[in-house]
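Student: Here you go, one structure.
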Amino acid sequence: ICRYHKLLESGFFDTNPIDTIIVFGGTNDSWCNAPLGGMQFADWKREDLFCVRPAICYFMAQLKQNHPNTRILFMVNCGIKQEIIRCVQDAAQHYEIECIALHDLDKIDGHPTVLGMEQICDQLMQYLFRKE
């Protein structure tokens with residue numbers, strides 16, 4: 001959220017028009033056992049954003065509000081807490097944001113290997129260019 005706000009405040013999106021935003025989030029929240037909090041779709045206070053569920057909802061709301069004509073995709077890692085995966089999926093559905101649940105990534109100590117990074121790319125490309 002802080003990095004995103006810095007980009008907004010710097011005018012990054014004004015000088016760099018974009019048509020797609022891809023977010024890969026929730027992994028560190030899972031690893032550090034951040035408090036989950038409850039699903040919250042409005043009226044956030046600063047302290048709410050230190051909990052996973054309200055922070056994810058807030059971030060998605062900000063993306064939708066500030067980039068109404070931009071395709072937004074939220075990738076959710078495999079091997080993280082199911083509560084966080086469900087939160088991302090539920091919030092994405094609420095905000096009409098596309099959600100890609102990654103699976104079967106090659107990792108060492110929780111971090112994608114070179115093969116794992118290729119698998120992330122492959123799964124993203126399969127999603128983006130799937131035949132409907």
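Ordered as shown in the structure tokens, chains take letters A, B, and onward, while each chain numbers its residues from 1 and ligands are numbered from 1 in the order shown.
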Find the residues around segment 88-90 of chain A up to 12 Å (only C-alpha atoms counted), leave out those fewer than 2 positions away in its own chain, and share them as number ranges by chain.
Tutor: A: 23-27, 29, 36, 38-41, 52-60, 73-77, 80-86, 92-102
Student: I need the chosen residues saved as a compact mmCIF listing (two decimals), in the first residue's frame, with N, CA and C atoms.
Tutor:
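Printed below is part-v2.txt as written:
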```txt
# COMPACT_ATOMS: atom_id res chain seq x y z
N VAL A 23 -0.68 -7.72 -9.69
CA VAL A 23 -0.26 -7.71 -8.29
C VAL A 23 0.04 -9.14 -7.88
N PHE A 24 1.14 -9.33 -7.16
CA PHE A 24 1.48 -10.64 -6.60
C PHE A 24 1.67 -10.39 -5.11
N GLY A 25 0.64 -10.64 -4.32
CA GLY A 25 0.70 -10.26 -2.92
C GLY A 25 0.17 -11.31 -1.97
N GLY A 26 0.44 -11.09 -0.69
CA GLY A 26 -0.07 -11.93 0.38
C GLY A 26 0.94 -12.91 0.94
N THR A 27 2.04 -13.13 0.23
CA THR A 27 3.01 -14.14 0.66
C THR A 27 3.66 -13.75 1.98
N ASP A 29 2.66 -11.67 4.21
CA ASP A 29 1.66 -11.66 5.27
C ASP A 29 1.47 -13.06 5.85
N LEU A 36 -5.05 -11.51 10.74
CA LEU A 36 -5.94 -11.58 9.58
C LEU A 36 -6.99 -10.48 9.59
N GLY A 38 -10.90 -8.93 9.84
CA GLY A 38 -12.11 -9.34 9.13
C GLY A 38 -12.17 -8.69 7.76
N MET A 39 -12.99 -9.25 6.90
CA MET A 39 -13.21 -8.64 5.59
C MET A 39 -13.83 -7.27 5.82
N GLN A 40 -13.32 -6.27 5.13
CA GLN A 40 -13.78 -4.90 5.35
C GLN A 40 -13.75 -4.18 4.00
N PHE A 41 -14.89 -3.72 3.55
CA PHE A 41 -15.00 -3.14 2.22
C PHE A 41 -15.18 -1.62 2.23
N VAL A 52 -4.43 -8.32 7.49
CA VAL A 52 -4.38 -8.78 6.11
C VAL A 52 -5.68 -8.50 5.35
N ARG A 53 -6.80 -8.96 5.87
CA ARG A 53 -8.05 -8.86 5.11
C ARG A 53 -8.44 -7.41 4.81
N PRO A 54 -8.47 -6.53 5.82
CA PRO A 54 -8.82 -5.15 5.49
C PRO A 54 -7.82 -4.50 4.54
N ALA A 55 -6.54 -4.82 4.69
CA ALA A 55 -5.51 -4.21 3.84
C ALA A 55 -5.67 -4.65 2.39
N ILE A 56 -5.94 -5.92 2.17
CA ILE A 56 -6.14 -6.40 0.80
C ILE A 56 -7.38 -5.75 0.19
N CYS A 57 -8.45 -5.66 0.95
CA CYS A 57 -9.66 -5.01 0.44
C CYS A 57 -9.40 -3.54 0.13
N TYR A 58 -8.72 -2.85 1.02
CA TYR A 58 -8.40 -1.45 0.80
C TYR A 58 -7.57 -1.28 -0.47
N PHE A 59 -6.55 -2.11 -0.62
CA PHE A 59 -5.66 -2.00 -1.78
C PHE A 59 -6.44 -2.23 -3.08
N MET A 60 -7.28 -3.24 -3.09
CA MET A 60 -8.08 -3.50 -4.30
C MET A 60 -9.05 -2.34 -4.57
N LEU A 73 -5.12 -7.65 -12.37
CA LEU A 73 -5.00 -9.08 -12.08
C LEU A 73 -4.25 -9.24 -10.77
N PHE A 74 -4.76 -10.06 -9.90
CA PHE A 74 -4.12 -10.31 -8.61
C PHE A 74 -3.71 -11.77 -8.59
N MET A 75 -2.40 -12.02 -8.57
CA MET A 75 -1.90 -13.39 -8.48
C MET A 75 -1.72 -13.75 -7.01
N VAL A 76 -2.19 -14.92 -6.65
CA VAL A 76 -2.04 -15.37 -5.27
C VAL A 76 -1.16 -16.63 -5.27
N ASN A 77 -0.17 -16.59 -4.43
CA ASN A 77 0.84 -17.64 -4.36
C ASN A 77 0.26 -18.94 -3.82
N ILE A 80 0.66 -20.74 0.73
CA ILE A 80 0.43 -19.78 1.81
C ILE A 80 -0.85 -20.17 2.55
N LYS A 81 -1.14 -19.48 3.62
CA LYS A 81 -2.31 -19.81 4.43
C LYS A 81 -3.58 -19.75 3.59
N GLN A 82 -4.41 -20.75 3.76
CA GLN A 82 -5.67 -20.81 3.02
C GLN A 82 -6.56 -19.61 3.31
N GLU A 83 -6.49 -19.09 4.53
CA GLU A 83 -7.31 -17.92 4.88
C GLU A 83 -6.93 -16.71 4.01
N ILE A 84 -5.66 -16.59 3.69
CA ILE A 84 -5.22 -15.47 2.86
C ILE A 84 -5.60 -15.72 1.41
N ILE A 85 -5.47 -16.93 0.94
CA ILE A 85 -5.90 -17.25 -0.43
C ILE A 85 -7.38 -16.95 -0.59
N ARG A 86 -8.20 -17.40 0.37
CA ARG A 86 -9.65 -17.14 0.30
C ARG A 86 -9.95 -15.65 0.37
N ALA A 92 -11.26 -10.10 -4.51
CA ALA A 92 -11.20 -9.94 -5.97
C ALA A 92 -12.60 -10.08 -6.58
N GLN A 93 -13.37 -11.02 -6.10
CA GLN A 93 -14.73 -11.17 -6.60
C GLN A 93 -15.56 -9.93 -6.27
N HIS A 94 -15.43 -9.43 -5.05
CA HIS A 94 -16.19 -8.25 -4.63
C HIS A 94 -15.86 -7.04 -5.50
N TYR A 95 -14.59 -6.84 -5.79
CA TYR A 95 -14.15 -5.67 -6.56
C TYR A 95 -14.07 -5.92 -8.06
N GLU A 96 -14.50 -7.10 -8.48
CA GLU A 96 -14.46 -7.47 -9.89
C GLU A 96 -13.05 -7.33 -10.46
N ILE A 97 -12.11 -7.90 -9.72
CA ILE A 97 -10.71 -7.96 -10.12
C ILE A 97 -10.41 -9.41 -10.45
N GLU A 98 -9.66 -9.62 -11.50
CA GLU A 98 -9.31 -10.98 -11.89
C GLU A 98 -8.31 -11.55 -10.89
N CYS A 99 -8.48 -12.83 -10.56
CA CYS A 99 -7.63 -13.49 -9.58
C CYS A 99 -7.06 -14.76 -10.20
N ILE A 100 -5.76 -14.92 -10.08
CA ILE A 100 -5.07 -16.09 -10.61
C ILE A 100 -4.46 -16.83 -9.42
N ALA A 101 -4.95 -18.02 -9.14
CA ALA A 101 -4.39 -18.85 -8.07
C ALA A 101 -3.27 -19.69 -8.66
N LEU A 102 -2.04 -19.39 -8.28
CA LEU A 102 -0.89 -20.14 -8.78
C LEU A 102 -0.85 -21.51 -8.12
```
Student: Counting only C-alpha atoms, which residue out of A:Leu128, A:Gly116, A:Gln123, A:Asn69 sits closest to Ile18 of chain A?
Tutor: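 Using only C-alpha atoms, Ile18 of chain A sits closest to A:Asn69.
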Student: To one decimal place, how far is atom CA of Ala34 of chain A from atom CA of Cys87 of chain A in Å?
Tutor: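 Separation between atom CA of Ala34 of chain A and atom CA of Cys87 of chain A: 13.4 Å.
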Student: Pick out the closest residue to Leu8 of chain A from this set: A:Cys78, A:Ile72, A:Ala91, A:Leu63. Count only C-alpha atoms.
Tutor: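 The answer is A:Leu63, which sits nearest to Leu8 of chain A.
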Student: Which of chain A end up as strand (DSSP E) when DSSP is run on this backbone - answer as a list of chain:residue names?
Tutor: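 Written out, the strand (DSSP E) residues of chain A are A:Thr20, A:Ile21, A:Ile22, A:Val23, A:Phe24, A:Arg71, A:Ile72, A:Leu73, A:Phe74, A:Met75, A:Val76, A:Glu98, A:Cys99, A:Ile100, A:Ala101, A:Lys107, A:Ile108, A:His111, A:Pro112.
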Student: So that I have them on file, write out the residues from the current selection with N, CA and C atoms, as a PDB file, in the first residue's frame.
Tutor:
```
ATOM      1  N   THR A  20      -2.715  -2.538 -17.862  1.00  0.00           N
ATOM      2  CA  THR A  20      -2.843  -3.719 -17.010  1.00  0.00           C
ATOM      3  C   THR A  20      -1.977  -3.551 -15.771  1.00  0.00           C
ATOM      4  N   ILE A  21      -2.543  -3.882 -14.621  1.00  0.00           N
ATOM      5  CA  ILE A  21      -1.795  -3.933 -13.362  1.00  0.00           C
ATOM      6  C   ILE A  21      -1.822  -5.380 -12.892  1.00  0.00           C
ATOM      7  N   ILE A  22      -0.643  -5.909 -12.590  1.00  0.00           N
ATOM      8  CA  ILE A  22      -0.537  -7.272 -12.062  1.00  0.00           C
ATOM      9  C   ILE A  22       0.050  -7.178 -10.660  1.00  0.00           C
ATOM     10  N   VAL A  23      -0.677  -7.721  -9.689  1.00  0.00           N
ATOM     11  CA  VAL A  23      -0.256  -7.709  -8.291  1.00  0.00           C
ATOM     12  C   VAL A  23       0.041  -9.138  -7.880  1.00  0.00           C
ATOM     13  N   PHE A  24       1.139  -9.330  -7.163  1.00  0.00           N
ATOM     14  CA  PHE A  24       1.481 -10.638  -6.599  1.00  0.00           C
ATOM     15  C   PHE A  24       1.668 -10.388  -5.111  1.00  0.00           C
ATOM     16  N   ARG A  71      -7.090  -3.020 -16.648  1.00  0.00           N
ATOM     17  CA  ARG A  71      -7.274  -4.424 -16.282  1.00  0.00           C
ATOM     18  C   ARG A  71      -6.395  -4.696 -15.071  1.00  0.00           C
ATOM     19  N   ILE A  72      -6.993  -5.282 -14.027  1.00  0.00           N
ATOM     20  CA  ILE A  72      -6.259  -5.572 -12.798  1.00  0.00           C
ATOM     21  C   ILE A  72      -6.306  -7.072 -12.551  1.00  0.00           C
ATOM     22  N   LEU A  73      -5.121  -7.653 -12.370  1.00  0.00           N
ATOM     23  CA  LEU A  73      -4.997  -9.079 -12.083  1.00  0.00           C
ATOM     24  C   LEU A  73      -4.248  -9.236 -10.767  1.00  0.00           C
ATOM     25  N   PHE A  74      -4.759 -10.057  -9.899  1.00  0.00           N
ATOM     26  CA  PHE A  74      -4.122 -10.314  -8.611  1.00  0.00           C
ATOM     27  C   PHE A  74      -3.710 -11.775  -8.586  1.00  0.00           C
ATOM     28  N   MET A  75      -2.405 -12.020  -8.572  1.00  0.00           N
ATOM     29  CA  MET A  75      -1.897 -13.388  -8.482  1.00  0.00           C
ATOM     30  C   MET A  75      -1.720 -13.745  -7.012  1.00  0.00           C
ATOM     31  N   VAL A  76      -2.188 -14.918  -6.647  1.00  0.00           N
ATOM     32  CA  VAL A  76      -2.040 -15.372  -5.266  1.00  0.00           C
ATOM     33  C   VAL A  76      -1.161 -16.625  -5.271  1.00  0.00           C
ATOM     34  N   GLU A  98      -9.664  -9.619 -11.504  1.00  0.00           N
ATOM     35  CA  GLU A  98      -9.306 -10.983 -11.891  1.00  0.00           C
ATOM     36  C   GLU A  98      -8.312 -11.553 -10.886  1.00  0.00           C
ATOM     37  N   CYS A  99      -8.484 -12.828 -10.565  1.00  0.00           N
ATOM     38  CA  CYS A  99      -7.634 -13.491  -9.580  1.00  0.00           C
ATOM     39  C   CYS A  99      -7.062 -14.762 -10.201  1.00  0.00           C
ATOM     40  N   ILE A 100      -5.760 -14.915 -10.080  1.00  0.00           N
ATOM     41  CA  ILE A 100      -5.073 -16.091 -10.609  1.00  0.00           C
ATOM     42  C   ILE A 100      -4.460 -16.831  -9.423  1.00  0.00           C
ATOM     43  N   ALA A 101      -4.949 -18.022  -9.142  1.00  0.00           N
ATOM     44  CA  ALA A 101      -4.390 -18.848  -8.071  1.00  0.00           C
ATOM     45  C   ALA A 101      -3.266 -19.692  -8.664  1.00  0.00           C
ATOM     46  N   LYS A 107      10.011 -24.352  -5.422  1.00  0.00           N
ATOM     47  CA  LYS A 107      10.510 -23.382  -4.444  1.00  0.00           C
ATOM     48  C   LYS A 107      11.600 -24.008  -3.591  1.00  0.00           C
ATOM     49  N   ILE A 108      12.447 -23.159  -3.061  1.00  0.00           N
ATOM     50  CA  ILE A 108      13.416 -23.532  -2.028  1.00  0.00           C
ATOM     51  C   ILE A 108      13.193 -22.567  -0.875  1.00  0.00           C
ATOM     52  N   HIS A 111      10.798 -19.696  -1.474  1.00  0.00           N
ATOM     53  CA  HIS A 111      11.059 -18.752  -2.565  1.00  0.00           C
ATOM     54  C   HIS A 111      11.123 -19.507  -3.892  1.00  0.00           C
ATOM     55  N   PRO A 112      10.513 -18.944  -4.932  1.00  0.00           N
ATOM     56  CA  PRO A 112      10.572 -19.612  -6.232  1.00  0.00           C
ATOM     57  C   PRO A 112      12.013 -19.726  -6.729  1.00  0.00           C
TER      58      PRO A 112
END
```
Student: So the first atom is atom CA of Glu47 of chain A and the second is atom CA of Ala61 of chain A; what is the distance between them in Å, to one decimal place?
Tutor: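 So the two atoms, atom CA of Glu47 of chain A and atom CA of Ala61 of chain A, lie 16.9 Å apart.
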Student: Taking only C-alpha atoms into account, name the residue in A:Gln119, A:Met125, A:Leu105, A:Asn66 that is nearest to Glu9 of chain A.
Tutor: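 When distances to Glu9 of chain A are compared using only C-alpha atoms, the smallest one comes from A:Asn66.
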Student: Between atom CA of Ile1 of chain A and atom CA of Asn28 of chain A, what is the distance in Å, rounded to a tenth?
Tutor: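 Between atom CA of Ile1 of chain A and atom CA of Asn28 of chain A the gap is 13.5 Å.
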Student: When you count only C-alpha atoms, which of these residues is closest to Cys2 of chain A: A:Phe50, A:Tyr127, A:Trp31, A:Trp44?
Tutor: A:Phe50
